[in-house]
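As provided, upload13.txt (compact mmCIF, C-alpha atoms and all ligand atoms) reads as follows.
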```
# COMPACT_ATOMS: atom_id res chain seq x y z
CA MET T 1 18.18 43.33 13.68
CA VAL T 2 19.55 40.02 14.96
CA VAL T 3 23.27 39.93 15.49
CA ALA T 4 25.58 36.92 15.45
CA SER T 5 24.94 34.93 18.56
CA PRO T 6 26.05 31.79 20.34
CA THR T 7 24.18 28.66 19.29
CA HIS T 8 21.75 28.35 22.15
CA GLN T 9 20.66 31.94 22.38
CA ILE T 10 16.98 32.52 21.77
CA HIS T 11 15.63 34.82 19.11
CA SER T 12 12.36 36.65 19.37
CA GLU T 13 12.80 39.48 16.90
CA LYS T 14 10.07 39.96 14.37
CA LEU T 15 11.81 40.02 11.01
CA LEU T 16 10.61 41.06 7.62
CA ALA T 17 10.85 38.23 5.12
CA ILE T 18 12.28 39.17 1.75
CA GLU T 19 11.37 37.13 -1.23
CA LEU T 20 14.44 35.58 -2.75
CA PRO T 21 14.43 35.48 -6.55
CA THR T 22 12.67 32.34 -7.80
CA ILE T 23 14.06 31.22 -11.14
CA ASP T 24 11.89 29.10 -13.40
CA LEU T 25 14.30 26.63 -15.00
CA SER T 26 11.81 25.83 -17.77
CA GLY T 27 12.33 29.31 -19.20
CA GLU T 28 14.40 30.29 -22.23
CA ARG T 29 17.99 29.12 -21.60
CA SER T 30 19.97 32.32 -22.07
CA ALA T 31 17.44 34.29 -20.00
CA VAL T 32 17.64 31.67 -17.23
CA SER T 33 21.44 31.74 -17.20
CA SER T 34 21.47 35.56 -16.92
CA LEU T 35 19.01 35.38 -14.04
CA ILE T 36 21.22 32.88 -12.22
CA VAL T 37 24.28 35.12 -12.56
CA LYS T 38 22.21 38.10 -11.36
CA ALA T 39 20.90 36.15 -8.36
CA CYS T 40 24.43 35.00 -7.44
CA ASP T 41 25.62 38.61 -7.75
CA GLU T 42 22.84 40.19 -5.75
CA TYR T 43 21.98 37.58 -3.11
CA GLY T 44 24.21 34.52 -3.31
CA PHE T 45 20.94 32.69 -2.54
CA PHE T 46 18.00 31.95 -4.84
CA LYS T 47 15.17 29.48 -5.36
CA VAL T 48 14.53 27.35 -8.42
CA LYS T 49 11.24 25.91 -9.66
CA ASN T 50 10.56 23.47 -12.50
CA HIS T 51 13.89 22.04 -11.46
CA GLY T 52 13.46 18.60 -13.00
CA VAL T 53 13.85 16.61 -9.78
CA PRO T 54 10.89 14.22 -9.91
CA HIS T 55 8.33 14.75 -7.17
CA ASP T 56 8.17 11.06 -6.24
CA ILE T 57 11.95 10.93 -5.75
CA ILE T 58 11.77 13.89 -3.38
CA ALA T 59 8.76 12.43 -1.55
CA LYS T 60 10.47 9.04 -1.05
CA MET T 61 13.64 10.64 0.26
CA GLU T 62 11.68 12.87 2.61
CA LYS T 63 9.74 9.86 3.89
CA GLU T 64 12.99 7.95 4.49
CA GLY T 65 14.32 10.94 6.39
CA PHE T 66 11.27 11.35 8.62
CA ASN T 67 11.08 7.59 9.23
CA PHE T 68 14.71 7.54 10.23
CA PHE T 69 14.44 10.48 12.64
CA ALA T 70 11.28 8.97 14.17
CA LYS T 71 13.25 5.92 15.34
CA PRO T 72 14.31 5.53 18.97
CA PHE T 73 17.57 7.31 19.77
CA GLU T 74 19.42 4.02 20.43
CA GLU T 75 18.58 2.84 16.93
CA LYS T 76 19.64 6.07 15.30
CA GLN T 77 22.92 5.90 17.14
CA LYS T 78 23.71 2.67 15.30
CA ALA T 79 24.24 4.85 12.25
CA GLU T 80 26.81 6.90 14.14
CA LEU T 81 29.68 4.61 13.19
CA ALA T 82 32.25 5.75 10.66
CA LYS T 83 32.40 9.40 11.69
CA PRO T 84 32.25 12.00 10.18
CA PHE T 85 29.51 10.30 8.17
CA GLY T 86 26.44 8.95 9.85
CA TYR T 87 24.08 10.14 12.56
CA GLY T 88 24.77 13.08 14.85
CA CYS T 89 22.70 14.77 17.50
CA LYS T 90 23.26 18.34 18.70
CA ASN T 91 27.01 18.26 18.06
CA ILE T 92 28.06 19.93 14.81
CA GLY T 93 31.62 19.36 13.60
CA PHE T 94 34.53 18.61 15.91
CA LYS T 95 35.06 21.90 17.70
CA GLY T 96 32.25 21.88 20.23
CA ASP T 97 29.52 23.61 18.20
CA THR T 98 26.05 22.59 19.25
CA GLY T 99 22.51 23.21 18.03
CA GLU T 100 18.98 21.89 18.43
CA VAL T 101 19.37 19.57 15.48
CA GLU T 102 19.84 15.91 14.72
CA TYR T 103 21.25 14.97 11.37
CA LEU T 104 22.51 12.37 8.95
CA LEU T 105 25.61 13.07 6.89
CA LEU T 106 26.25 10.89 3.87
CA ASN T 107 29.01 10.75 1.31
CA THR T 108 27.34 10.76 -2.11
CA ASN T 109 29.62 8.08 -3.49
CA THR T 110 27.32 5.21 -4.54
CA LEU T 111 29.12 2.46 -2.67
CA SER T 112 29.23 4.51 0.46
CA VAL T 113 25.48 5.21 0.27
CA ALA T 114 24.74 1.50 -0.05
CA GLU T 115 27.04 0.70 2.89
CA ARG T 116 25.57 3.42 5.07
CA SER T 117 22.00 2.46 4.23
CA LYS T 118 22.61 -0.85 5.97
CA THR T 119 23.00 0.90 9.28
CA ILE T 120 20.41 3.55 8.55
CA SER T 121 17.76 1.00 7.74
CA THR T 122 17.12 -1.40 10.59
CA ASP T 123 14.82 -3.35 8.35
CA PRO T 124 17.05 -5.56 6.15
CA ALA T 125 14.11 -6.63 3.98
CA ASN T 126 13.71 -3.02 2.92
CA PHE T 127 17.40 -2.35 2.53
CA ARG T 128 17.38 -2.17 -1.25
CA GLN T 129 14.41 0.13 -1.16
CA HIS T 130 16.06 2.51 1.35
CA SER T 131 19.31 2.51 -0.54
CA SER T 132 17.64 3.18 -3.88
CA ALA T 133 15.56 6.09 -2.50
CA VAL T 134 18.73 7.79 -1.28
CA SER T 135 20.69 7.03 -4.45
CA ALA T 136 17.87 8.22 -6.72
CA TYR T 137 17.64 11.48 -4.80
CA ILE T 138 21.38 12.05 -4.87
CA GLU T 139 21.53 11.36 -8.59
CA ALA T 140 18.64 13.72 -9.36
CA VAL T 141 19.97 16.54 -7.18
CA ARG T 142 23.46 16.10 -8.60
CA GLU T 143 21.96 16.55 -12.07
CA LEU T 144 20.26 19.74 -10.89
CA ALA T 145 23.53 21.04 -9.41
CA CYS T 146 25.34 20.28 -12.68
CA GLU T 147 22.65 21.97 -14.76
CA LEU T 148 22.82 25.08 -12.56
CA LEU T 149 26.60 25.18 -12.82
CA ASP T 150 26.42 24.83 -16.61
CA LEU T 151 23.90 27.66 -16.74
CA LEU T 152 26.16 29.75 -14.52
CA ALA T 153 29.12 29.10 -16.82
CA GLU T 154 27.00 30.11 -19.80
CA GLY T 155 25.81 33.26 -18.09
CA LEU T 156 29.43 34.18 -17.44
CA TRP T 157 30.38 33.47 -21.06
CA VAL T 158 32.78 30.73 -20.05
CA PRO T 159 33.69 28.90 -23.27
CA ASP T 160 33.75 25.49 -21.63
CA ARG T 161 30.32 25.38 -20.10
CA SER T 162 30.84 22.09 -18.23
CA VAL T 163 33.91 23.40 -16.44
CA PHE T 164 32.28 23.24 -13.00
CA SER T 165 29.87 20.38 -13.49
CA ARG T 166 32.72 18.07 -14.55
CA LEU T 167 34.10 18.35 -11.04
CA ILE T 168 30.79 17.33 -9.51
CA ARG T 169 30.36 14.43 -11.94
CA ASP T 170 33.90 13.20 -11.26
CA VAL T 171 33.99 9.79 -9.55
CA ASP T 172 36.21 11.32 -6.87
CA SER T 173 33.90 14.26 -6.22
CA ASP T 174 33.69 14.95 -2.49
CA SER T 175 30.02 16.00 -2.58
CA ILE T 176 27.96 15.17 0.50
CA ILE T 177 24.35 15.08 1.50
CA ARG T 178 22.94 16.14 4.84
CA LEU T 179 19.52 15.61 6.37
CA ASN T 180 18.77 17.97 9.26
CA HIS T 181 15.88 17.41 11.61
CA TYR T 182 14.87 20.19 13.99
CA PRO T 183 12.36 18.87 16.52
CA PRO T 184 9.70 21.34 17.72
CA MET T 185 10.93 23.42 20.65
CA PRO T 186 7.99 24.85 22.58
CA MET T 187 9.35 27.78 24.55
CA LEU T 188 7.54 28.85 27.67
CA CYS T 189 7.87 32.47 28.44
CA GLN T 190 10.06 32.54 31.51
CA ASP T 191 12.16 35.58 30.93
CA LYS T 192 9.82 38.55 31.08
CA GLU T 193 12.63 40.93 30.26
CA LEU T 194 13.76 39.08 27.17
CA CYS T 195 10.40 38.06 25.80
CA LYS T 196 8.43 40.71 24.00
CA ASP T 197 5.31 38.52 23.58
CA LYS T 198 4.66 38.20 27.28
CA ASP T 199 1.08 37.03 26.88
CA SER T 200 1.47 34.28 24.36
CA SER T 201 2.20 30.77 25.46
CA PRO T 202 4.40 29.21 24.19
CA CYS T 203 5.96 32.51 23.30
CA ASN T 204 7.34 33.63 19.99
CA GLN T 205 10.95 32.62 20.56
CA ASN T 206 13.09 30.26 18.63
CA LYS T 207 16.22 28.34 19.48
CA VAL T 208 19.13 28.07 17.15
CA GLY T 209 19.02 24.72 15.37
CA PHE T 210 22.03 25.23 13.12
CA GLY T 211 24.27 28.19 13.94
CA GLU T 212 25.48 30.92 11.62
CA HIS T 213 27.92 29.72 8.94
CA SER T 214 28.75 29.69 5.26
CA ASP T 215 28.90 26.45 3.28
CA PRO T 216 32.46 25.53 2.29
CA GLN T 217 31.74 23.76 -1.02
CA ILE T 218 30.92 25.10 -4.52
CA LEU T 219 27.13 25.16 -4.44
CA THR T 220 24.45 23.96 -2.02
CA ILE T 221 21.04 22.66 -3.13
CA LEU T 222 18.70 22.79 -0.14
CA ARG T 223 15.13 21.74 0.28
CA SER T 224 12.91 21.63 3.35
CA ASN T 225 9.41 20.69 4.32
CA ASP T 226 6.95 23.56 4.73
CA VAL T 227 8.28 24.59 8.15
CA GLY T 228 10.35 27.78 8.15
CA GLY T 229 13.56 28.37 10.05
CA LEU T 230 16.22 29.21 7.47
CA GLN T 231 17.57 32.76 7.69
CA ILE T 232 20.21 34.46 5.60
CA SER T 233 22.46 37.34 6.50
CA LEU T 234 22.34 40.39 4.26
CA ASN T 235 25.25 42.74 3.63
CA ASP T 236 24.09 45.13 6.32
CA GLY T 237 24.14 42.32 8.88
CA ALA T 238 20.35 41.95 9.05
CA TRP T 239 18.96 38.41 9.29
CA VAL T 240 16.19 37.64 6.84
CA PRO T 241 13.90 34.59 7.01
CA VAL T 242 13.50 32.54 3.86
CA THR T 243 9.91 31.47 3.25
CA PRO T 244 9.79 27.67 3.02
CA ASP T 245 8.50 26.31 -0.27
CA PRO T 246 8.65 22.53 -0.72
CA ALA T 247 8.07 22.93 -4.47
CA THR T 248 11.36 24.75 -4.92
CA PHE T 249 15.02 24.15 -4.13
CA CYS T 250 17.03 26.86 -2.45
CA VAL T 251 20.47 27.29 -4.00
CA ASN T 252 23.40 29.06 -2.42
CA VAL T 253 26.94 29.99 -3.39
CA GLY T 254 29.59 28.16 -1.37
CA ASP T 255 33.05 29.35 -0.30
CA LEU T 256 34.75 27.81 -3.34
CA LEU T 257 32.59 29.71 -5.78
CA GLN T 258 33.47 32.91 -3.95
CA VAL T 259 37.15 32.31 -4.71
CA GLY T 260 37.07 31.40 -8.34
CA PRO T 261 36.50 28.85 -10.96
CA LEU T 262 39.98 28.08 -12.17
CA PHE T 263 40.11 24.54 -11.00
CA SER T 264 42.99 22.42 -12.00
CA LEU T 265 42.57 18.90 -11.01
CA ILE T 266 45.28 16.36 -10.71
CA LEU T 267 43.73 12.95 -10.70
CA LEU T 268 45.97 10.28 -9.32
CA SER T 269 44.83 6.90 -10.43
CA SER T 270 46.56 3.60 -9.70
CA LEU T 271 47.52 3.31 -13.36
CA ASN T 272 48.63 6.76 -14.35
CA VAL T 273 48.77 10.37 -13.37
CA LYS T 274 46.40 12.46 -15.39
CA LYS T 275 46.53 16.23 -15.25
CA VAL T 276 43.41 18.02 -16.27
CA GLU T 277 43.43 21.75 -16.28
CA TRP T 278 40.52 23.99 -17.01
CA ASP T 279 41.58 27.43 -17.90
CA LEU T 280 38.59 29.68 -17.95
CA MET T 281 39.53 32.19 -20.59
CA GLY T 282 37.31 35.21 -20.69
CA VAL T 283 35.77 34.64 -17.29
CA ALA T 284 36.94 38.04 -16.14
CA ALA T 285 33.46 38.88 -14.97
CA MET T 286 33.52 36.33 -12.18
CA THR T 287 35.39 35.26 -9.04
CA ASN T 288 37.92 36.92 -6.84
CA GLY T 289 35.12 37.66 -4.44
CA ARG T 290 32.42 38.66 -6.92
CA PHE T 291 29.97 36.02 -5.70
CA VAL T 292 29.63 35.88 -1.95
CA SER T 293 29.15 32.71 0.06
CA VAL T 294 26.29 33.97 2.19
CA ARG T 295 26.11 33.27 5.89
CA HIS T 296 22.95 31.55 7.02
CA LYS T 297 21.47 29.69 9.99
CA ALA T 298 18.39 27.67 10.89
CA LEU T 299 16.09 28.24 13.87
CA THR T 300 13.71 25.73 15.40
CA ASN T 301 9.94 26.11 15.25
CA SER T 302 7.89 26.11 18.45
CA TYR T 303 5.28 23.66 17.21
CA ARG T 304 6.41 21.70 14.18
CA SER T 305 9.38 19.62 13.00
CA ARG T 306 11.54 21.08 10.29
CA MET T 307 13.47 18.73 8.07
CA SER T 308 15.92 20.01 5.49
CA MET T 309 17.92 18.04 2.94
CA ALA T 310 21.09 19.68 1.66
CA TYR T 311 23.31 18.54 -1.19
CA PHE T 312 26.77 20.11 -1.04
CA ALA T 313 28.40 20.00 -4.47
CA ALA T 314 32.16 19.64 -4.03
CA PRO T 315 35.14 18.91 -6.29
CA PRO T 316 37.57 16.01 -5.84
CA PRO T 317 40.12 16.54 -3.04
CA ASP T 318 42.93 17.32 -5.50
CA ALA T 319 41.05 20.04 -7.37
CA ARG T 320 43.10 23.23 -7.24
CA ILE T 321 41.22 26.44 -6.71
CA THR T 322 42.90 29.63 -7.86
CA VAL T 323 41.87 33.06 -8.98
CA PRO T 324 42.19 33.13 -12.79
CA PRO T 325 45.04 35.38 -14.04
CA GLU T 326 42.64 37.33 -16.18
CA MET T 327 40.82 38.36 -13.00
CA ILE T 328 43.92 40.02 -11.62
CA SER T 329 44.93 43.58 -12.39
CA PRO T 330 46.83 46.37 -10.61
CA THR T 331 43.52 47.65 -9.29
CA LYS T 332 42.10 44.22 -8.49
CA PRO T 333 44.86 42.02 -7.08
CA ALA T 334 44.20 38.35 -6.30
CA LEU T 335 42.39 38.15 -3.00
CA TYR T 336 43.07 34.48 -2.32
CA LYS T 337 46.07 32.18 -2.36
CA PRO T 338 45.73 29.02 -4.46
CA PHE T 339 44.72 25.90 -2.56
CA THR T 340 43.35 22.43 -3.16
CA TRP T 341 39.94 21.41 -1.85
CA ALA T 342 41.71 18.89 0.44
CA GLU T 343 43.88 21.68 1.90
CA PHE T 344 40.90 23.97 2.33
CA LYS T 345 38.81 21.27 3.97
CA LYS T 346 41.54 20.31 6.40
CA ALA T 347 42.05 23.89 7.52
CA ALA T 348 38.36 24.81 7.43
CA PHE T 349 37.09 21.83 9.36
CA ALA T 350 39.53 22.60 12.16
CA LEU T 351 37.60 25.85 12.75
CA ARG T 352 34.38 26.60 14.59
CA LEU T 353 31.14 26.60 12.61
CA GLY T 354 30.79 30.39 12.52
CA ASP T 355 34.43 31.17 11.73
CA SER T 356 35.38 32.72 8.43
CA ARG T 357 37.20 29.99 6.55
CA LEU T 358 38.19 31.91 3.46
CA GLY T 359 40.07 34.30 5.72
CA LEU T 360 42.70 31.57 6.06
CA PHE T 361 43.50 31.79 2.37
CA ARG T 362 43.23 35.52 1.86
CA MET T 363 46.35 37.21 0.57
CA GLU T 364 48.04 39.56 3.00
CA CYS T 365 48.14 43.10 1.61
CA ASP T 366 51.87 42.86 0.86
CA GLU T 367 51.36 39.51 -0.89
CA GLN T 368 48.72 40.75 -3.33
CA VAL T 369 50.24 40.61 -6.77
CA ALA T 370 49.06 42.41 -9.81
C1 LIG P 401 32.06 23.13 12.60
C2 LIG P 401 32.02 22.57 11.41
C3 LIG P 401 30.87 21.72 10.92
C4 LIG P 401 31.14 21.67 9.43
C5 LIG P 401 32.64 21.53 9.43
C6 LIG P 401 33.03 22.69 10.33
O1 LIG P 401 34.35 22.58 10.82
C7 LIG P 401 32.87 24.00 9.55
C8 LIG P 401 31.88 23.82 8.37
C9 LIG P 401 30.67 23.00 8.75
C10 LIG P 401 29.84 22.57 7.55
C11 LIG P 401 28.70 23.54 7.17
C12 LIG P 401 27.99 23.00 5.92
C13 LIG P 401 27.71 21.50 6.00
O2 LIG P 401 26.61 21.27 6.85
C14 LIG P 401 28.93 20.72 6.51
C15 LIG P 401 28.70 19.22 6.40
C16 LIG P 401 30.15 21.18 5.78
O3 LIG P 401 30.67 20.69 4.80
O4 LIG P 401 30.68 22.27 6.41
C17 LIG P 401 29.28 21.22 7.89
C18 LIG P 401 30.46 20.55 8.63
C19 LIG P 401 30.02 19.38 9.52
O5 LIG P 401 28.90 19.38 10.07
O6 LIG P 401 30.85 18.49 9.74
O1 LIG P 402 18.30 23.45 7.76
C1 LIG P 402 18.54 24.41 7.05
O2 LIG P 402 17.67 25.05 6.48
C2 LIG P 402 19.98 24.89 6.86
C3 LIG P 402 20.97 23.77 6.99
C4 LIG P 402 22.34 24.20 6.62
O3 LIG P 402 22.63 25.37 6.47
C5 LIG P 402 23.39 23.19 6.43
O4 LIG P 402 23.12 21.98 6.62
O5 LIG P 402 24.53 23.58 6.08
FE FE P 403 24.55 25.62 5.44
```
Please express what this file holds, its structure, as structure tokens.
Ligand SMILES: C=C1C[C@]23C[C@@]1(O)CC[C@H]2[C@@]12CC[C@H](O)[C@@](C)(C(=O)O1)[C@H]2[C@@H]3C(=O)O
Ligand SMILES: O=C(O)CCC(=O)C(=O)O
Ligand SMILES: [Fe+2]
Amino acid sequence: MVVASPTHQIHSEKLLAIELPTIDLSGERSAVSSLIVKACDEYGFFKVKNHGVPHDIIAKMEKEGFNFFAKPFEEKQKAELAKPFGYGCKNIGFKGDTGEVEYLLLNTNTLSVAERSKTISTDPANFRQHSSAVSAYIEAVRELACELLDLLAEGLWVPDRSVFSRLIRDVDSDSIIRLNHYPPMPMLCQDKELCKDKDSSPCNQNKVGFGEHSDPQILTILRSNDVGGLQISLNDGAWVPVTPDPATFCVNVGDLLQVGPLFSLILLSSLNVKKVEWDLMGVAAMTNGRFVSVRHKALTNSYRSRMSMAYFAAPPPDARITVPPEMISPTKPALYKPFTWAEFKKAAFALRLGDSRLGLFRMECDEQVA
């Protein structure tokens, strides 16, 4: 078993891969929605096939990503402006976390993508092409995220099935996209004590590319090339590798979905103040910790580059996340205090990568109300 470790520690354990459930989205709708709820209940992580994201859109985006990471470092750094969005190398977040990864973080807002593409593409003649590849991918993956959230709502018998997806479709949605590139890390066997494969060269050890964490948003839609590295943490603390499959997307529950789906959103526009509240009647089956935002990490490969593309579906900053009243009872008090996504993000992003963010909003025992 691999235990939580600092980012640069090496890992040589031989782990058994479990097969995550793969849900065929072309199946019968009510069966698919039940399978999604089951997968969220049992794993918090699942794969989807026949997902509707066109192959050529994925291929173009992947090509853009690889082309970008293949550029000289000085050129990539030009995209580092406007932090937190842009290019980063080895440093993750603002609290000193590091990993063997270089990445691009993009806001999914259309204007911002177009702006950022100017720095990402050093070839102005191809600017429109670069920008449209990224936008097309974002649009297609957003649709997938919305479809999955609608199916989830249906599987939970939520009357308003677009209750979650509306937040993602909102013009103020804070969704982001991240491209991670893990260069190959050949490891020569220097530590005879540590390395169990003493005879192989390079030996069977992997560095941590992206350290252990949970994703803060609602849902993550992740895809990678055919190079493995992603591992998820099971309840018993064991780390389990996820087999890479470029034909599928890997979906995982984020921190917000662990708390609950009663989002009330106050949209402040320049003209008026609009209050939209979604009260999820009858959603007693969900939330208050039912779905768990699973901890995961990514290791480097000794020989090949891994590139992953993650879409983090998030609500607008003012969306209020609370445990629905119908989830609360004398035996099951509310586990979390209400908060807005902006409040959560501010507090969460001031923490280290591996810290438990939801802990900040957990009710103290004497605060838990029935
Ligand atoms: C150390 C950090 C990096 C992170 C923000 C944080 O303070 C804690 C969450 C991290 C994470 C994990 C999932 C995504 O990759 C990410 C973009 C996010 O929303 O939360 C990263 C943040 C980041 O790299 O800035
Ligand atoms: O590269 C991966 O497979 C995981 C990346 C990840 O967890 C993230 O970007 O939040
Ligand atoms: Fe993640």
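Checking T:Ser33, T:Glu143, T:Asn67, T:Asn180 one by one against Val158 (chain T), counting all atoms listed in the file, you find the shortest gap at T:Ser33.
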Expected selection as a list of chain:residue names for ligand FE 403 (chain P) within 7 Å, all atoms listed in the file
T:His213, T:Ser214, T:Asp215, T:His296, T:Lys297
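Shell of Asp172 (chain T) at 8 Å, with only C-alpha atoms counted and residues fewer than 5 places along the chain excluded, is Pro315, Pro316 and Pro317 of chain T.
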Any residue with an atom at most 10 Å from ligand LIG 402 (chain P) counts, using all atoms listed in the file. Which are they? Put them as a ChimeraX atom specification.
/T:92,101,103-105,177-182,209-216,220-225,227-232,242,244,250,252,295-300,306-312,353
Edge lengths and centre in Å to one decimal, as lines of an AutoDock Vina configuration file, is what I'm after for the box along x, y and z that holds all listed atoms of ligand LIG 401 (chain P) once 5 Å is added on each side.
```
center_x = 30.5
center_y = 21.2
center_z = 8.7
size_x = 17.7
size_y = 15.5
size_z = 17.8
```
Name the closest residue to ligand LIG 401 (chain P) among the candidates T:Gly27, T:Gly96, T:Pro21, T:Gly237; distances are taken between atoms, counting all atoms listed in the file.
T:Gly96
Return the single residue from T:Met61, T:Asn50, T:Met187, T:Arg29 that is closest to Asp150 (chain T), with distances computed using all atoms listed in the file.
T:Arg29
What does the structure give for the distance between CA of Leu351 (chain T) and CA of Gly254 (chain T), in Å to one decimal?
16.4 Å
So what do you get for CA of Ala79 (chain T) versus CA of Ala247 (chain T), distance-wise?
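Here the two named atoms are 29.5 Å from each other.
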Min atom-atom distance to ligand LIG 401 (chain P) from the set T:Gln205, T:Ser233, T:Asn91, T:Asn109, counting all atoms listed in the file, belongs to T:Asn91
If I take CA of Phe94 (chain T) and CA of Arg362 (chain T), how far is one from the other in Å, to one decimal?
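Straight-line distance from CA of Phe94 (chain T) to CA of Arg362 (chain T) works out to 23.6 Å.
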Just checking: using all atoms listed in the file, which residue out of T:Asp226, T:Glu62, T:Asp97, T:Asp41 ends up closest to ligand LIG 401 (chain P)?
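Distance minimum relative to ligand LIG 401 (chain P) lands on T:Asp97.
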Go through T:Arg169, T:Lys95, T:Arg320, T:Lys78 one by one, measure the shortest atom-to-atom distance of each to ligand LIG 401 (chain P) using only C-alpha atoms and all ligand atoms, and give the residue with the smallest value.
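Residue with the minimum atom-to-atom distance to ligand LIG 401 (chain P): T:Lys95.
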Please provide the set of residues having any atom within 8 Å of Val53 (chain T), restricted to all atoms listed in the file, with same-chain residues fewer than 3 positions apart removed, written as a ChimeraX atom specification.
/T:57-58,140-141,144
Considering only C-alpha atoms, return as a ChimeraX atom specification whatever protein or nucleic-acid residues lie within 7 Å of Lys337 (chain T), sequence-local ones (same chain, fewer than 2 positions apart) excluded.
/T:322,339,361-363
As number ranges by chain, please: the residues near Thr248 (chain T) (cut-off 7 Å, all atoms listed in the file, same-chain neighbours under 4 positions excluded).
T: 47-49
